[in-house]
4 protein chains.
Amino acid sequence: MSSGTSRAAEPAGGAGPRGRIDKRQAILRAAFTVFARRGYEQACVREIADEAGVAKPTVYNHLNDKETLFRHTVIAAADTVAADNLAAVERLRDPGGDLGAVLTDVGLRLLRVCCGERATALRRLSSAQAASMPDLFETVIERTGLAVRDALADRFARLSLAGRLRECPPDQAAEQFVALLTGPAETRSRFGTRRVPVAEQRAVATAAADTFLRAYGS
Amino acid sequence: MSSGTSRAAEPAGGAGPRGRIDKRQAILRAAFTVFARRGYEQACVREIADEAGVAKPTVYNHLNDKETLFRHTVIAAADTVAADNLAAVERLRDPGGDLGAVLTDVGLRLLRVCCGERATALRRLSSAQAASMPDLFETVIERTGLAVRDALADRFARLSLAGRLRECPPDQAAEQFVALLTGPAETRSRFGTRRVPVAEQRAVATAAADTFLRAYGS
Amino acid sequence: MSSGTSRAAEPAGGAGPRGRIDKRQAILRAAFTVFARRGYEQACVREIADEAGVAKPTVYNHLNDKETLFRHTVIAAADTVAADNLAAVERLRDPGGDLGAVLTDVGLRLLRVCCGERATALRRLSSAQAASMPDLFETVIERTGLAVRDALADRFARLSLAGRLRECPPDQAAEQFVALLTGPAETRSRFGTRRVPVAEQRAVATAAADTFLRAYGS
Amino acid sequence: MSSGTSRAAEPAGGAGPRGRIDKRQAILRAAFTVFARRGYEQACVREIADEAGVAKPTVYNHLNDKETLFRHTVIAAADTVAADNLAAVERLRDPGGDLGAVLTDVGLRLLRVCCGERATALRRLSSAQAASMPDLFETVIERTGLAVRDALADRFARLSLAGRLRECPPDQAAEQFVALLTGPAETRSRFGTRRVPVAEQRAVATAAADTFLRAYGS
DNA sequence: TATGAATGAGCATTCATTCAT
DNA sequence: AATGAATGAATGCTCATTCAT
């Protein structure tokens, strides 16, 4: 990002392994950009190298294969998405008085993540390669989808115990809450093809929280 | 393969329009098989021609391009899926006494379609090419997802008027009913990667109908 | 060689599979030329295609691999060399009165073959790849070296029975006769690097026949 | 590997010229190993560096080029082989009573060298590059083949003078003696591909000496 | 001196597509 | 209408070699 200054400022000083790490990061960033733009098969290593500002063999020096490059890129994106999602769910740990408002808020945050470029590209890329790299796809689903669902289930179980939700199987409640958010969101974003206006995101989140509370409220 | 008469009448000479049509169908069937197996970019025309039992140029005679071939294949699959989905929704036109049972039944039928090979392959293929053929992707979504939602909304509007559902925006109700079905189904089927046992499909449909009725029942 | 005329003369007539066969032959001829010029690893398929006057993929259409191309080329050369060698040995079947003269003549013919471009290139190419394609190398040796030795042994056995040679193990005699020819020839031709003048070839053959008869004559 | 003292004296500090020489030797040894294993083109500098336990640029520091590296390696091997061969021939300087026995012994020693790993690898490597490095190939032949022949010729001339061999052109005698040894040996070792059992080596040497004495004995 | 990192050039191979039959 | 054969373009990957440290 600010490569010019920092590199010019320390041309020889500490830049030993730093240049290497910088380049690796640049490659991974560029790879995500290009993969998201073209898809796995259509993306060519040369375009990634160009985007990263390095020579093609440098890509191969850092990441042995096109496939390896893809896997690292996807896993990194999945971890970021997962962290964002879990952070959103955390807000349910201390819900305060207005449960509907908190659910709406959490839903909106989850939507922002799921409708974001990273998450949509991640979904498209990994599912497109589900046949050729099934383990990678599985990993992505686990670290993003299932992790959120489980975290939500934990919160819902506590809320159930606290009498804020009716007695219910928390896994199912979580699964359905997520579905009420992502289902409409995917439809409206055309699976990430269109940008969903914030107002619509809010409407989806509100409707999801409303329906959820009608069905699961105490 | 075809009605014996027509082929017996013209064994080799002009081959008639029937042989041509047969071949075209064979090519399209083979194309779907191969595309589903390998994905768009990775599928090669030669493999499709082999699967169809014809020579490569014959494919080009019938469908000008690899892209054209893909589009026809995808549209055909989308139409089939859409018809299946709409047939399922039709059962709501005359719901009878037990609304929950009918909703569960409809849900189960929709799930069967959405978890089927055709629909999952269709989703994966079209979304993977969303970047390069956005219009195709849009068409698929419209003819499958949106069409079902609209048909459902029609039914829900009538049920609302009939007092079987509470007053509600029918589009939202339909959107959420679909979401309660497909969301969990996608998670469990790993986006079409795993086969979902019938018992699980039934559980998802039951839970969806239950939650839906709790939220929208009159 | 005379491609222009022959092809121009029959542009569409019988040239059905003929064009294909012509092209395959052209490719194999070109391959031998280029492999002989550059060696296996250094020869690139594009150069071969250029030399053959076809496009690179055409080479791959006819011979799947660079390795396959090499194998076919080498085997073809080996068969030609073998045939030439055996034809030379045949002259010993009816030796006539002057055995020394016939032996010298046979030796000279064998030398001409072994010092020829084809045989030297064959030896260099196959032995250079002995590590990566041991079976090919073995085949070449069998079809060229061993076959000649065995054919010679047959002749020597008969000559022994006829009292023209002393009693001796014919395999050893044949092995040594060949050695007396090829050993000096290889040294003088610098293993095919230099052209050996005919006079020198004659000297080698004469000396070989002389020494052989001194040792094995009756 | 080296005289322990010098290394103990300068363990890591200045490394002295001795460490440098050691490294150069290690590189040359590794180069021969790898070249023998893979051939010139297929051997990559990185594999050589790994085998030598040094970094790639170190190889370039010591020997400028891949070609230079190859040349040094080959020349070194040629010198070793030549020395071994000449040592074998030396035994003819004072033949003693049984000339056949000495000739057999010398032949066996020569065979051991020629069938050894070093000599076979040397022949294969240098002849494979005869086209791209003709001078190197020439040098190898001179230092190995021709040198032996000349040394042998010297001995045979003396033996001729001493009446132990008939009057004869000593160059031709030497050439043929070598041929009677290496020709069969190359056939049986499949040009260095197979290991020739000692018994066979002995048989070849005996037969060579026998034939030679029949032809050239006084 | 020795090395981690980077690069320009090159190659085998595949594929969609088009001719000529 | 159907096909065997041919091709131009593109891609993943490797390697010898050079900087900068």
# chains A, B, ... in the order shown; residues from 1 in each chain; ligands from 1
>>> select_by_dssp(residues="region 57-203 of chain D", states="helix (DSSP H, G or I)", output="VMD selection string")
chain D and resid 57 to 62 66 to 93 99 to 115 117 to 128 134 to 161 170 to 188 198 to 203
>>> interface_residues(of="chain F", to="chain A", cutoff="8 Å", atoms="only C-alpha atoms (C1' of nucleotides)", output="PDB file with C-alpha atoms (C1' of nucleotides), in the first residue's frame")
ATOM      1  C1'  DT F  11      -0.384 -21.665 -19.909  1.00  0.00           C
ATOM      2  C1'  DG F  12       2.038 -23.878 -16.153  1.00  0.00           C
ATOM      3  C1'  DT F  21      23.315  -8.700   1.455  1.00  0.00           C
TER       4       DT F  21
END
>>> interface_residues(of="chain B", to="chain A", cutoff="6 Å", atoms="only C-alpha atoms", output="PDB file with N, CA, C and O atoms, in the first residue's frame")
ATOM      1  N   ARG B 124     -23.763 -24.638  -9.270  1.00  0.00           N
ATOM      2  CA  ARG B 124     -22.312 -24.517  -9.268  1.00  0.00           C
ATOM      3  C   ARG B 124     -21.791 -23.990 -10.599  1.00  0.00           C
ATOM      4  O   ARG B 124     -20.968 -23.078 -10.656  1.00  0.00           O
ATOM      5  N   ALA B 128     -20.237 -20.243 -11.002  1.00  0.00           N
ATOM      6  CA  ALA B 128     -18.803 -20.185 -11.281  1.00  0.00           C
ATOM      7  C   ALA B 128     -18.514 -19.285 -12.478  1.00  0.00           C
ATOM      8  O   ALA B 128     -17.453 -18.677 -12.576  1.00  0.00           O
ATOM      9  N   GLN B 176     -38.683 -16.001   2.837  1.00  0.00           N
ATOM     10  CA  GLN B 176     -38.187 -16.632   4.060  1.00  0.00           C
ATOM     11  C   GLN B 176     -38.486 -18.120   4.093  1.00  0.00           C
ATOM     12  O   GLN B 176     -37.686 -18.916   4.605  1.00  0.00           O
ATOM     13  N   ALA B 179     -35.899 -19.624   2.100  1.00  0.00           N
ATOM     14  CA  ALA B 179     -34.632 -19.559   2.814  1.00  0.00           C
ATOM     15  C   ALA B 179     -34.554 -20.632   3.894  1.00  0.00           C
ATOM     16  O   ALA B 179     -33.509 -21.279   4.072  1.00  0.00           O
ATOM     17  N   LEU B 180     -35.662 -20.836   4.620  1.00  0.00           N
ATOM     18  CA  LEU B 180     -35.664 -21.837   5.689  1.00  0.00           C
ATOM     19  C   LEU B 180     -35.461 -23.248   5.134  1.00  0.00           C
ATOM     20  O   LEU B 180     -35.039 -24.153   5.863  1.00  0.00           O
ATOM     21  N   GLY B 183     -31.435 -22.847   2.846  1.00  0.00           N
ATOM     22  CA  GLY B 183     -30.276 -22.541   3.678  1.00  0.00           C
ATOM     23  C   GLY B 183     -29.758 -23.779   4.377  1.00  0.00           C
ATOM     24  O   GLY B 183     -28.616 -24.221   4.119  1.00  0.00           O
ATOM     25  N   THR B 211     -41.423 -23.530  11.851  1.00  0.00           N
ATOM     26  CA  THR B 211     -41.009 -22.153  12.127  1.00  0.00           C
ATOM     27  C   THR B 211     -41.835 -21.169  11.311  1.00  0.00           C
ATOM     28  O   THR B 211     -42.265 -20.119  11.806  1.00  0.00           O
ATOM     29  N   ARG B 214     -45.256 -20.839  12.880  1.00  0.00           N
ATOM     30  CA  ARG B 214     -45.184 -20.068  14.131  1.00  0.00           C
ATOM     31  C   ARG B 214     -45.101 -18.578  13.820  1.00  0.00           C
ATOM     32  O   ARG B 214     -45.666 -17.743  14.535  1.00  0.00           O
ATOM     33  N   ALA B 215     -44.379 -18.252  12.754  1.00  0.00           N
ATOM     34  CA  ALA B 215     -44.170 -16.829  12.472  1.00  0.00           C
ATOM     35  C   ALA B 215     -45.292 -16.240  11.639  1.00  0.00           C
ATOM     36  O   ALA B 215     -45.613 -15.053  11.766  1.00  0.00           O
TER      37      ALA B 215
END
>>> interface_residues(of="chain E", to="chain D", cutoff="9 Å", atoms="only C-alpha atoms (C1' of nucleotides)", output="list in words")
DT1, DA2 and DT3 of chain E
>>> residues_around(residues="Ala83 (chain D)", least_positions_apart="4", cutoff="10 Å", atoms="only C-alpha atoms (C1' of nucleotides)", output="number ranges by chain")
D: 77-79, 87-89, 143-144, 147-148
>>> atom_distance(atom1="CA of Arg93 (chain D)", atom2="CA of Leu110 (chain D)")
15.2 Å
>>> atom_distance(atom1="CA of Thr73 (chain B)", atom2="CA of Phe32 (chain B)")
5.9 Å
>>> atom_distance(atom1="CA of Phe35 (chain A)", atom2="CA of Phe70 (chain A)")
7.9 Å
